[in-house]
>>> print(open('start.txt').read())   # compact mmCIF, C-alpha atoms
# COMPACT_ATOMS: atom_id res chain seq x y z
CA MET Y 22 -15.74 -22.59 -2.72
CA SER Y 23 -18.04 -21.23 0.01
CA VAL Y 24 -18.13 -17.46 0.21
CA GLU Y 25 -19.92 -15.37 2.79
CA ILE Y 26 -20.47 -11.71 2.00
CA ILE Y 27 -21.10 -9.42 4.97
CA LYS Y 28 -22.83 -6.19 4.04
CA PRO Y 29 -21.01 -3.05 5.18
CA SER Y 30 -22.45 -1.20 8.14
CA ASN Y 31 -23.10 2.54 7.97
CA ARG Y 32 -22.69 2.90 11.73
CA LEU Y 33 -19.66 5.22 11.44
CA ALA Y 34 -21.45 7.48 8.96
CA ARG Y 35 -24.40 7.67 11.36
CA LEU Y 36 -22.07 8.48 14.26
CA VAL Y 37 -20.43 11.30 12.30
CA GLY Y 38 -23.92 12.51 11.46
CA GLY Y 39 -23.42 14.08 8.05
CA LYS Y 40 -21.73 13.81 4.70
CA MET Y 41 -17.98 14.28 4.93
CA PRO Y 42 -16.44 16.55 2.29
CA GLY Y 43 -14.35 14.64 -0.23
CA ARG Y 44 -11.25 16.64 0.64
CA LEU Y 45 -9.80 18.41 3.64
CA THR Y 46 -11.32 21.88 3.72
CA THR Y 47 -9.06 24.95 3.75
CA ASN Y 48 -10.29 25.84 7.19
CA MET Y 49 -9.45 22.43 8.59
CA ALA Y 50 -6.09 22.32 6.76
CA ASP Y 51 -5.14 25.65 8.41
CA ARG Y 52 -6.12 24.32 11.83
CA VAL Y 53 -4.10 21.15 11.26
CA ALA Y 54 -1.04 23.13 10.11
CA LYS Y 55 -1.13 25.25 13.28
CA ALA Y 56 -1.72 22.26 15.54
CA THR Y 57 1.08 20.16 14.07
CA ALA Y 58 3.75 22.89 14.28
CA ALA Y 59 4.61 22.03 17.90
CA ALA Y 60 4.68 18.27 17.25
CA ILE Y 61 6.98 18.79 14.24
CA SER Y 62 9.26 21.02 16.28
CA ASP Y 63 9.55 18.32 18.99
CA ALA Y 64 10.16 15.69 16.33
CA GLN Y 65 13.22 17.59 15.07
CA ILE Y 66 14.97 16.78 18.36
CA GLY Y 67 14.01 13.13 17.93
CA ILE Y 68 15.26 13.11 14.35
CA ARG Y 69 18.65 14.50 15.38
CA ASP Y 70 18.96 11.82 18.08
CA ALA Y 71 17.89 9.07 15.67
CA VAL Y 72 20.44 10.21 13.06
CA GLU Y 73 23.20 10.10 15.68
CA GLN Y 74 22.08 6.61 16.75
CA LEU Y 75 22.18 5.49 13.13
CA TRP Y 76 25.67 6.92 12.81
CA PHE Y 77 26.88 5.03 15.90
CA LYS Y 78 25.41 1.80 14.54
CA VAL Y 79 27.11 2.27 11.17
CA ASP Y 80 30.47 3.90 11.90
CA GLY Y 81 33.60 1.89 12.63
CA HIS Y 82 32.55 -1.45 11.10
CA SER Y 83 34.16 -3.08 8.10
CA GLU Y 84 31.17 -5.40 7.70
CA TYR Y 85 27.82 -6.02 9.31
CA SER Y 86 26.20 -9.18 10.55
CA ASP Y 87 22.66 -9.92 9.33
CA ALA Y 88 21.17 -8.86 12.67
CA HIS Y 89 23.21 -5.65 12.68
CA LEU Y 90 22.16 -4.89 9.10
CA GLU Y 91 18.53 -5.51 10.02
CA GLU Y 92 18.82 -2.97 12.86
CA ILE Y 93 20.37 -0.41 10.52
CA TYR Y 94 17.62 -1.01 7.96
CA PHE Y 95 14.78 -0.55 10.46
CA HIS Y 96 16.42 2.55 11.89
CA ALA Y 97 16.63 4.06 8.39
CA HIS Y 98 13.08 2.91 7.65
CA ASP Y 99 11.84 4.71 10.77
CA LEU Y 100 13.71 7.85 9.76
CA ARG Y 101 12.33 7.93 6.22
CA GLY Y 102 8.78 7.93 7.57
CA LEU Y 103 9.37 10.44 10.35
CA CYS Y 104 11.55 12.86 8.35
CA GLY Y 105 9.15 12.86 5.40
CA SER Y 106 6.14 13.46 7.65
CA CYS Y 107 7.91 16.38 9.33
CA GLY Y 108 8.82 17.98 6.00
CA ASN Y 109 12.57 17.16 6.14
CA MET Y 110 12.62 15.93 2.58
CA VAL Y 111 16.42 15.75 2.15
CA GLN Y 112 16.84 13.48 5.18
CA ALA Y 113 13.81 11.45 4.11
CA GLY Y 114 15.34 11.07 0.64
CA ILE Y 115 18.68 9.86 2.02
CA ALA Y 116 16.98 7.43 4.43
CA ASP Y 117 14.88 6.17 1.53
CA ALA Y 118 18.03 5.75 -0.59
CA LEU Y 119 19.60 3.65 2.20
CA CYS Y 120 16.50 1.46 2.59
CA THR Y 121 16.21 1.00 -1.17
CA TYR Y 122 19.92 0.14 -1.39
CA VAL Y 123 19.58 -2.61 1.22
CA GLU Y 124 16.31 -3.94 -0.28
CA GLU Y 125 17.51 -4.03 -3.89
CA ILE Y 126 20.99 -5.37 -3.21
CA ARG Y 127 19.50 -8.15 -1.12
CA SER Y 128 16.88 -8.98 -3.73
CA ALA Y 129 19.69 -9.23 -6.32
CA GLY Y 130 21.26 -11.89 -4.09
CA LEU Y 131 24.19 -9.69 -3.02
CA SER Y 132 25.38 -8.41 0.35
CA PRO Y 133 25.12 -4.68 1.03
CA ARG Y 134 28.60 -3.17 1.29
CA ALA Y 135 29.61 -1.55 4.56
CA ASN Y 136 31.32 1.44 2.93
CA VAL Y 137 28.21 2.27 0.87
CA ILE Y 138 26.03 2.10 3.97
CA TRP Y 139 28.58 4.31 5.75
CA LEU Y 140 28.28 6.86 2.92
CA HIS Y 141 24.50 6.98 3.36
CA ALA Y 142 24.74 7.45 7.13
CA SER Y 143 27.44 10.07 6.69
CA SER Y 144 25.31 11.97 4.15
CA MET Y 145 22.37 11.79 6.51
CA ARG Y 146 24.45 13.26 9.31
CA ARG Y 147 25.72 16.02 7.03
CA ALA Y 148 22.18 16.89 5.93
CA THR Y 149 21.03 16.99 9.57
CA GLN Y 150 23.89 19.29 10.56
CA ASP Y 151 22.99 21.44 7.60
CA GLY Y 152 19.43 21.69 8.94
CA GLY Y 153 17.92 21.08 5.51
CA GLU Y 154 18.85 24.61 4.46
CA ASN Y 155 20.93 23.61 1.48
CA ALA Y 156 18.39 21.78 -0.68
CA ALA Y 157 20.70 21.71 -3.69
CA LEU Y 158 23.42 19.92 -1.73
CA GLY Y 159 20.82 17.53 -0.34
CA GLN Y 160 19.51 16.66 -3.77
CA TYR Y 161 23.07 16.18 -5.01
CA LEU Y 162 23.74 13.74 -2.16
CA ILE Y 163 20.53 11.80 -2.89
CA ASP Y 164 21.28 11.60 -6.63
CA SER Y 165 24.84 10.45 -5.97
CA LEU Y 166 23.70 7.73 -3.59
CA CYS Y 167 21.08 6.51 -6.06
CA ALA Y 168 23.68 6.47 -8.85
CA LEU Y 169 25.98 4.43 -6.60
CA ARG Y 170 23.21 1.87 -6.03
CA LYS Y 171 22.48 1.65 -9.73
CA LYS Y 172 26.15 1.18 -10.55
CA GLU Y 173 26.46 -1.65 -8.05
CA LEU Y 174 23.32 -3.34 -9.35
CA ASP Y 175 24.43 -2.96 -12.96
CA ALA Y 176 27.77 -4.52 -12.08
CA ALA Y 177 25.89 -7.56 -10.85
CA CYS Y 178 24.69 -8.26 -14.42
CA PRO Y 179 22.91 -10.33 -15.65
CA THR Y 180 20.35 -10.65 -12.83
CA SER Y 181 20.05 -6.98 -11.97
CA CYS Y 182 21.29 -5.28 -15.06
CA ALA Y 183 19.26 -2.28 -16.17
CA CYS Y 184 20.24 -2.57 -19.83
CA ASP Y 185 17.61 -3.11 -22.51
CA PHE Y 186 18.82 -6.61 -23.38
CA MET Y 187 18.01 -8.15 -20.02
CA PRO Y 188 14.55 -9.36 -19.05
CA LYS Y 189 12.96 -6.96 -16.60
CA MET K 19 -17.39 21.02 9.13
CA SER K 20 -18.28 21.73 12.73
CA GLU K 21 -21.62 19.89 12.52
CA LEU K 22 -19.77 16.65 11.81
CA ARG K 23 -19.34 14.69 15.05
CA PHE K 24 -15.84 13.23 14.73
CA ASP K 25 -15.68 13.36 18.52
CA ARG K 26 -17.93 10.27 18.61
CA ILE K 27 -15.41 8.14 16.70
CA HIS K 28 -12.94 6.09 18.76
CA LEU K 29 -9.53 5.93 17.09
CA LEU K 30 -6.70 3.57 17.97
CA ILE K 31 -3.22 4.55 16.74
CA VAL K 32 -0.64 1.76 16.64
CA GLU K 33 2.82 3.24 16.04
CA ASP K 34 6.17 2.50 17.67
CA ASN K 35 7.72 5.93 17.14
CA LEU K 36 6.79 8.42 19.85
CA PHE K 37 7.18 11.45 17.60
CA MET K 38 4.96 9.93 14.91
CA ARG K 39 2.34 9.17 17.56
CA ASN K 40 2.41 12.80 18.67
CA LEU K 41 2.12 13.95 15.08
CA TYR K 42 -0.91 11.72 14.47
CA SER K 43 -2.48 12.95 17.65
CA ALA K 44 -1.97 16.61 16.68
CA ILE K 45 -3.39 16.08 13.18
CA LEU K 46 -6.41 14.11 14.35
CA ARG K 47 -7.25 16.38 17.27
CA ALA K 48 -7.15 19.35 14.91
CA MET K 49 -9.71 17.45 12.79
CA GLU K 50 -11.81 17.24 15.99
CA PHE K 51 -11.28 13.57 16.75
CA GLU K 52 -11.18 13.46 20.52
CA GLN K 53 -11.32 9.79 21.50
CA ILE K 54 -7.80 8.67 20.61
CA GLN K 55 -5.79 5.87 22.21
CA MET K 56 -2.21 4.94 21.39
CA ALA K 57 -0.30 1.66 21.40
CA ALA K 58 3.38 1.07 20.63
CA ASP K 59 3.01 -2.30 18.90
CA GLY K 60 0.48 -4.86 17.73
CA SER K 61 0.31 -6.92 20.91
CA GLU K 62 -0.28 -3.87 23.10
CA ALA K 63 -2.97 -2.68 20.67
CA PHE K 64 -4.70 -6.06 20.68
CA GLU K 65 -4.89 -5.96 24.47
CA LEU K 66 -6.06 -2.35 24.44
CA MET K 67 -8.90 -3.20 22.05
CA ARG K 68 -10.69 -5.07 24.85
CA ASP K 69 -10.95 -1.98 27.09
CA PHE K 70 -11.23 0.60 24.33
CA PRO K 71 -13.26 -0.80 21.42
CA PRO K 72 -12.01 1.29 18.48
CA ASP K 73 -14.16 2.36 15.54
CA ILE K 74 -11.11 2.84 13.31
CA ILE K 75 -7.54 1.56 13.72
CA ILE K 76 -4.57 3.38 12.17
CA THR K 77 -1.49 1.17 12.27
CA ASP K 78 2.15 1.26 11.23
CA ALA K 79 3.66 -1.82 9.57
CA ALA K 80 7.20 -2.08 10.95
CA MET K 81 6.96 -2.63 14.71
CA GLN K 82 8.34 -5.07 17.24
CA PRO K 83 7.52 -7.58 18.64
CA LEU K 84 4.21 -7.83 16.74
CA ASP K 85 4.30 -5.96 13.44
CA GLY K 86 1.37 -4.31 11.68
CA PHE K 87 0.69 -7.16 9.24
CA ASP K 88 0.51 -9.80 12.00
CA PHE K 89 -1.59 -7.47 14.12
CA VAL K 90 -4.15 -7.01 11.32
CA HIS K 91 -4.19 -10.74 10.69
CA LEU K 92 -4.81 -11.32 14.40
CA VAL K 93 -7.65 -8.78 14.53
CA ARG K 94 -9.33 -10.33 11.50
CA THR K 95 -8.93 -14.01 12.28
CA ALA K 96 -8.23 -14.64 15.98
CA ALA K 97 -11.04 -16.43 17.83
CA ASP K 98 -10.76 -13.93 20.69
CA SER K 99 -10.60 -10.84 18.49
CA PRO K 100 -12.72 -8.06 20.02
CA ASN K 101 -13.88 -6.80 16.62
CA PRO K 102 -12.85 -8.60 13.41
CA LEU K 103 -14.82 -6.12 11.27
CA VAL K 104 -13.13 -2.94 12.49
CA PRO K 105 -11.83 -0.73 9.63
CA ILE K 106 -8.02 -0.68 9.56
CA ILE K 107 -5.85 1.91 7.83
CA MET K 108 -2.19 0.95 7.40
CA VAL K 109 0.28 3.84 7.22
CA THR K 110 3.78 2.72 6.36
CA GLY K 111 7.10 3.65 4.80
CA TYR K 112 7.05 0.47 2.68
CA HIS K 113 6.26 1.54 -0.86
CA ASN K 114 6.80 -1.69 -2.74
CA ARG K 115 4.11 -3.74 -4.41
CA ALA K 116 4.74 -6.80 -2.24
CA SER K 117 3.93 -4.84 0.93
CA VAL K 118 0.74 -3.41 -0.54
CA GLU K 119 -0.37 -6.88 -1.62
CA ARG K 120 0.50 -8.34 1.77
CA ALA K 121 -1.49 -5.61 3.51
CA ARG K 122 -4.45 -6.29 1.22
CA ASP K 123 -4.27 -10.03 1.85
CA VAL K 124 -4.20 -9.76 5.65
CA GLY K 125 -7.35 -7.61 5.55
CA VAL K 126 -6.29 -3.96 5.59
CA ASN K 127 -9.06 -1.58 4.41
CA GLU K 128 -6.88 1.33 3.30
CA TYR K 129 -3.15 1.75 2.70
CA LEU K 130 -1.29 5.04 3.03
CA ALA K 131 2.41 5.39 2.21
CA LYS K 132 4.50 7.68 4.39
CA PRO K 133 5.20 10.57 4.53
CA VAL K 134 1.94 11.17 6.32
CA THR K 135 0.01 14.21 5.16
CA PRO K 136 -3.18 15.50 6.79
CA ALA K 137 -4.95 15.34 3.40
CA GLY K 138 -3.91 11.71 2.85
CA LEU K 139 -4.98 10.67 6.32
CA TYR K 140 -8.31 12.49 5.98
CA SER K 141 -9.05 10.85 2.63
CA ARG K 142 -8.47 7.33 4.05
CA ILE K 143 -10.65 8.06 7.07
CA ASN K 144 -13.32 9.47 4.78
CA GLN K 145 -13.14 6.32 2.69
CA VAL K 146 -13.76 3.93 5.61
CA ILE K 147 -16.55 6.11 7.02
CA SER K 148 -18.36 7.14 3.84
CA LYS K 149 -17.70 4.20 1.54
CA PRO K 150 -17.32 1.07 3.68
CA ARG K 151 -16.67 -2.08 1.68
CA PRO K 152 -18.43 -5.40 2.30
CA PHE K 153 -16.48 -8.09 4.11
CA ILE K 154 -15.73 -11.40 2.47
CA ARG K 155 -15.23 -14.69 4.29
CA THR K 156 -13.72 -17.60 2.36
CA PRO K 157 -11.73 -20.58 3.67
CA SER K 158 -8.49 -18.68 2.90
CA TYR K 159 -9.42 -15.02 3.48
CA PHE K 160 -11.39 -12.82 5.79
CA GLY K 161 -11.43 -9.08 5.32
CA PRO K 162 -12.80 -6.27 3.21
CA ASN K 163 -13.69 -7.07 -0.37
CA ARG K 164 -10.45 -6.85 -2.33
CA ARG K 165 -12.25 -5.94 -5.56
CA ARG K 166 -12.75 -2.21 -5.44
CA ARG K 167 -14.36 -1.99 -8.86
CA ALA K 168 -15.68 -4.18 -11.63
CA SER K 169 -13.16 -4.05 -14.46
CA PRO K 170 -14.63 -4.53 -17.93
CA ASN K 171 -11.22 -5.77 -19.11
CA PHE K 172 -10.87 -8.45 -16.42
CA SER K 173 -9.83 -11.73 -18.03
CA GLY K 174 -9.08 -13.86 -14.97
CA PRO K 175 -11.14 -16.74 -13.63
CA TYR K 176 -14.53 -16.10 -11.99
CA ARG K 177 -14.74 -18.14 -8.84
CA ARG K 178 -17.96 -17.13 -7.19
CA LYS K 179 -21.37 -18.42 -8.18
CA SER K 180 -22.73 -14.92 -7.76
CA ASP K 181 -20.25 -13.43 -10.22
CA GLN K 182 -21.89 -11.97 -13.27
CA ARG K 183 -20.19 -12.16 -16.62
CA ILE K 184 -18.74 -8.73 -17.30
CA GLY K 185 -15.41 -9.47 -18.99
CA PRO K 186 -13.97 -11.67 -21.70
CA PRO K 187 -14.78 -15.41 -21.47
CA THR K 188 -12.75 -17.74 -19.31
CA PHE K 189 -10.67 -20.51 -20.87
CA THR K 190 -13.43 -23.10 -20.40
CA GLU K 191 -16.03 -20.75 -21.75
CA SER K 192 -13.80 -19.99 -24.74
CA GLY K 193 -13.55 -23.72 -25.41
CA ASN K 194 -17.34 -24.12 -25.31
CA MET K 195 -17.80 -21.12 -27.55
CA GLY K 196 -15.26 -22.55 -29.99
CA GLN K 197 -17.25 -25.79 -30.17
CA GLN K 198 -20.41 -23.80 -30.83
CA ARG K 199 -18.75 -21.78 -33.58
CA LYS K 200 -17.42 -24.96 -35.17
CA ALA K 201 -20.88 -26.49 -35.16
CA GLN K 202 -22.30 -23.30 -36.66
CA ARG K 203 -19.61 -23.31 -39.33
CA HIS K 204 -20.51 -26.87 -40.31
CA SER K 205 -24.18 -26.04 -40.49
CA LEU K 206 -23.36 -22.90 -42.53
CA ALA K 207 -21.27 -24.93 -44.95
CA ASP K 208 -24.14 -27.41 -45.34
CA TYR K 209 -26.50 -24.52 -46.00
CA GLN K 210 -24.12 -22.92 -48.51
CA GLN K 211 -23.75 -26.19 -50.28
CA SER K 212 -27.47 -26.66 -50.52
CA ALA K 213 -28.03 -23.01 -51.57
CA GLY K 214 -25.20 -22.97 -54.11
CA VAL K 215 -23.20 -20.21 -52.37
CA LEU K 216 -19.61 -19.54 -53.52
CA ASP K 217 -16.83 -20.78 -51.30
CA MET K 218 -13.67 -18.76 -50.69
CA SER K 219 -11.97 -19.92 -53.88
CA GLY K 220 -14.78 -18.46 -55.92
CA ARG K 221 -16.12 -21.84 -56.96
CA SER K 222 -19.74 -22.51 -56.42
CA ALA K 223 -20.45 -25.31 -54.07
CA GLN K 224 -22.81 -26.77 -56.67
CA GLY K 225 -21.08 -25.48 -59.79
CA SER K 226 -23.46 -22.56 -60.00
CA ASN K 227 -22.14 -18.94 -60.21
CA GLU K 228 -25.28 -17.00 -59.56
CA ILE K 229 -24.40 -15.28 -56.28
CA GLY K 230 -23.21 -11.69 -56.68
CA GLY K 231 -24.01 -11.64 -60.33
CA MET K 232 -26.50 -8.99 -61.29
>>> encode(input="start.txt", output="structure tokens")
Amino acid sequence: MSVEIIKPSNRLARLVGGKMPGRLTTNMADRVAKATAAAISDAQIGIRDAVEQLWFKVDGHSEYSDAHLEEIYFHAHDLRGLCGSCGNMVQAGIADALCTYVEEIRSAGLSPRANVIWLHASSMRRATQDGGENAALGQYLIDSLCALRKKELDAACPTSCACDFMPK
Amino acid sequence: MSELRFDRIHLLIVEDNLFMRNLYSAILRAMEFEQIQMAADGSEAFELMRDFPPDIIITDAAMQPLDGFDFVHLVRTAADSPNPLVPIIMVTGYHNRASVERARDVGVNEYLAKPVTPAGLYSRINQVISKPRPFIRTPSYFGPNRRRRASPNFSGPYRRKSDQRIGPPTFTESGNMGQQRKAQRHSLADYQQSAGVLDMSGRSAQGSNEIGGM
């Protein structure tokens, strides 16, 4: 097999003109924290809108078509990245639980259930209304949703069973 | 930090979410990167690369119509790509192994899982600036070298002529070594027989029992 190896260029290092510290310095971290405060504040408005949009996509359906489910998934995927990056860890956790639910149920060869998706979206809305102030409630919601996913996957034994007797 | 000239580096951010774009911009400007351009998806970014040749690309994975994986593949392999060697950092909410492997196989330099933190972003930028990896071109892959380190425990096949033997032998090599050992064993047995050495049952090969006896 022919292989060509192209040596790396140090052009960027020359442009920067010095050795970069291995980690973000305290001084720079402070500057970044101040500079991002406004962007995070603006993003909160966007998060609230996105949560409402997710709710409208999810609510009032007894089942979802593949295309509809794909939309819901990408909406939740977007929210888990944005919420986490803005420090809204409860909302990020619920969005992550929804994405993981859809991914794992599909990979087990099952169809995600509409009422479980509705529960995720409803929890997300509740956490947003709460403003992330009640972390204990948020964690309880996340744990409950994860337990629900596990229960559904375990019920689909043998392919997705979490017991010790099944091949992992 | 102020003597470092991050203002000379051209950054291209590819992200479909407006608020994430603003967040990146705020973080990077606070780090003193000044030349920043934004695109909302892969196709827009690919077009933008012609007018604004980036030094580093930071891209999301889930975008429409052209997602991050296809965009990276296009940058690396398209005949009309403005810069196939540009360092690319993928920042994404996908945490699973399959996504990381896909990113690696399309030619991503660094992978960062969301949530985005300034420290995480800085470390990936530092990596592509301070420790750039060589690029590899094979019939099936073009991108940064996917081997980040030489593992002494590596037991897979060695496919390049330039590879030096650092790990356990390959299957073929094991076979050859087995043949050599077998040949050595035969020659040892012949020697033992001629020298009157005891075999494993304690009998002397020639009926003699001199070995070990003081």
>>> closest_residue(input="start.txt", among="Y:Leu131, Y:Ala59, Y:Val72, Y:Leu90", to="chain K", atoms="only C-alpha atoms")
Y:Ala59
>>> residues_around(input="start.txt", residues="Leu36 of chain K", least_positions_apart="5", cutoff="12 Å", atoms="only C-alpha atoms", output="list in words")
Ala60, Ile61, Asp63, Ala64, Ile66, Gly67, Ile68, Ala71, Asp99 and Leu103 of chain Y; Ile31, Leu41, Tyr42, Ser43, Met56, Ala57, Ala58 and Asp59 of chain K
>>> interface_residues(input="start.txt", of="chain K", to="chain Y", cutoff="9 Å", atoms="only C-alpha atoms", output="PyMOL selection string")
chain K and resi 19+21-27+35-38+40-49+73+80+110-112+131-138+140-141+144-157+163+177-179
>>> closest_residue(input="start.txt", among="K:Leu29, K:Val104, K:Ile54, K:Ala63", to="Ile76 of chain K", atoms="all atoms listed in the file")
K:Leu29
>>> closest_residue(input="start.txt", among="K:Pro100, K:Arg94, K:Asp85, K:Gln53", to="Pro71 of chain K", atoms="all atoms listed in the file")
K:Pro100
>>> closest_residue(input="start.txt", among="Y:Cys167, Y:Ala88, Y:Ile93, Y:Met145", to="Gln112 of chain Y", atoms="only C-alpha atoms")
Y:Met145
>>> closest_residue(input="start.txt", among="Y:Ala156, Y:Ala116, Y:Ala176, Y:Leu75", to="Ala129 of chain Y", atoms="all atoms listed in the file")
Y:Ala176
>>> atom_distance(input="start.txt", atom1="atom CA of Leu140 of chain Y", atom2="atom CA of Ala177 of chain Y")
20.1 Å
>>> atom_distance(input="start.txt", atom1="atom CA of Arg122 of chain K", atom2="atom CA of Arg68 of chain K")
24.5 Å
>>> closest_residue(input="start.txt", among="Y:Gln160, Y:Ser83, Y:Asn109, Y:Thr149", to="Val137 of chain Y", atoms="all atoms listed in the file")
Y:Ser83
>>> atom_distance(input="start.txt", atom1="atom CA of Leu166 of chain Y", atom2="atom CA of Ala142 of chain Y")
10.8 Å
>>> build_atoms(input="start.txt", residues="segment 94-110 of chain K", atoms="N, CA and C atoms", output="PDB file, in the frame of the given file")
ATOM      1  N   ARG K  94      -8.351  -9.771  12.427  1.00  0.00           N
ATOM      2  CA  ARG K  94      -9.330 -10.330  11.500  1.00  0.00           C
ATOM      3  C   ARG K  94      -9.671 -11.782  11.794  1.00  0.00           C
ATOM      4  N   THR K  95      -8.698 -12.554  12.249  1.00  0.00           N
ATOM      5  CA  THR K  95      -8.930 -14.010  12.280  1.00  0.00           C
ATOM      6  C   THR K  95      -8.874 -14.660  13.665  1.00  0.00           C
ATOM      7  N   ALA K  96      -8.355 -13.981  14.675  1.00  0.00           N
ATOM      8  CA  ALA K  96      -8.230 -14.640  15.980  1.00  0.00           C
ATOM      9  C   ALA K  96      -9.616 -14.912  16.571  1.00  0.00           C
ATOM     10  N   ALA K  97      -9.750 -16.059  17.232  1.00  0.00           N
ATOM     11  CA  ALA K  97     -11.040 -16.430  17.830  1.00  0.00           C
ATOM     12  C   ALA K  97     -11.443 -15.442  18.913  1.00  0.00           C
ATOM     13  N   ASP K  98     -10.444 -14.868  19.605  1.00  0.00           N
ATOM     14  CA  ASP K  98     -10.760 -13.930  20.690  1.00  0.00           C
ATOM     15  C   ASP K  98     -10.626 -12.462  20.262  1.00  0.00           C
ATOM     16  N   SER K  99     -10.711 -12.228  18.960  1.00  0.00           N
ATOM     17  CA  SER K  99     -10.600 -10.840  18.490  1.00  0.00           C
ATOM     18  C   SER K  99     -11.813 -10.028  18.942  1.00  0.00           C
ATOM     19  N   PRO K 100     -11.593  -8.863  19.541  1.00  0.00           N
ATOM     20  CA  PRO K 100     -12.720  -8.060  20.020  1.00  0.00           C
ATOM     21  C   PRO K 100     -13.625  -7.551  18.894  1.00  0.00           C
ATOM     22  N   ASN K 101     -13.052  -7.299  17.721  1.00  0.00           N
ATOM     23  CA  ASN K 101     -13.880  -6.800  16.620  1.00  0.00           C
ATOM     24  C   ASN K 101     -13.203  -7.110  15.275  1.00  0.00           C
ATOM     25  N   PRO K 102     -13.520  -8.252  14.676  1.00  0.00           N
ATOM     26  CA  PRO K 102     -12.850  -8.600  13.410  1.00  0.00           C
ATOM     27  C   PRO K 102     -13.247  -7.697  12.239  1.00  0.00           C
ATOM     28  N   LEU K 103     -14.336  -6.944  12.396  1.00  0.00           N
ATOM     29  CA  LEU K 103     -14.820  -6.120  11.270  1.00  0.00           C
ATOM     30  C   LEU K 103     -14.354  -4.664  11.343  1.00  0.00           C
ATOM     31  N   VAL K 104     -13.533  -4.344  12.322  1.00  0.00           N
ATOM     32  CA  VAL K 104     -13.130  -2.940  12.490  1.00  0.00           C
ATOM     33  C   VAL K 104     -12.331  -2.448  11.274  1.00  0.00           C
ATOM     34  N   PRO K 105     -12.627  -1.251  10.767  1.00  0.00           N
ATOM     35  CA  PRO K 105     -11.830  -0.730   9.630  1.00  0.00           C
ATOM     36  C   PRO K 105     -10.384  -0.438  10.063  1.00  0.00           C
ATOM     37  N   ILE K 106      -9.444  -0.868   9.237  1.00  0.00           N
ATOM     38  CA  ILE K 106      -8.020  -0.680   9.560  1.00  0.00           C
ATOM     39  C   ILE K 106      -7.327   0.065   8.425  1.00  0.00           C
ATOM     40  N   ILE K 107      -6.637   1.137   8.798  1.00  0.00           N
ATOM     41  CA  ILE K 107      -5.850   1.910   7.830  1.00  0.00           C
ATOM     42  C   ILE K 107      -4.376   1.649   8.147  1.00  0.00           C
ATOM     43  N   MET K 108      -3.625   1.184   7.164  1.00  0.00           N
ATOM     44  CA  MET K 108      -2.190   0.950   7.400  1.00  0.00           C
ATOM     45  C   MET K 108      -1.392   2.106   6.817  1.00  0.00           C
ATOM     46  N   VAL K 109      -0.569   2.724   7.660  1.00  0.00           N
ATOM     47  CA  VAL K 109       0.280   3.840   7.220  1.00  0.00           C
ATOM     48  C   VAL K 109       1.726   3.380   7.366  1.00  0.00           C
ATOM     49  N   THR K 110       2.446   3.318   6.280  1.00  0.00           N
ATOM     50  CA  THR K 110       3.780   2.720   6.360  1.00  0.00           C
ATOM     51  C   THR K 110       4.768   3.329   5.373  1.00  0.00           C
TER      52      THR K 110
END
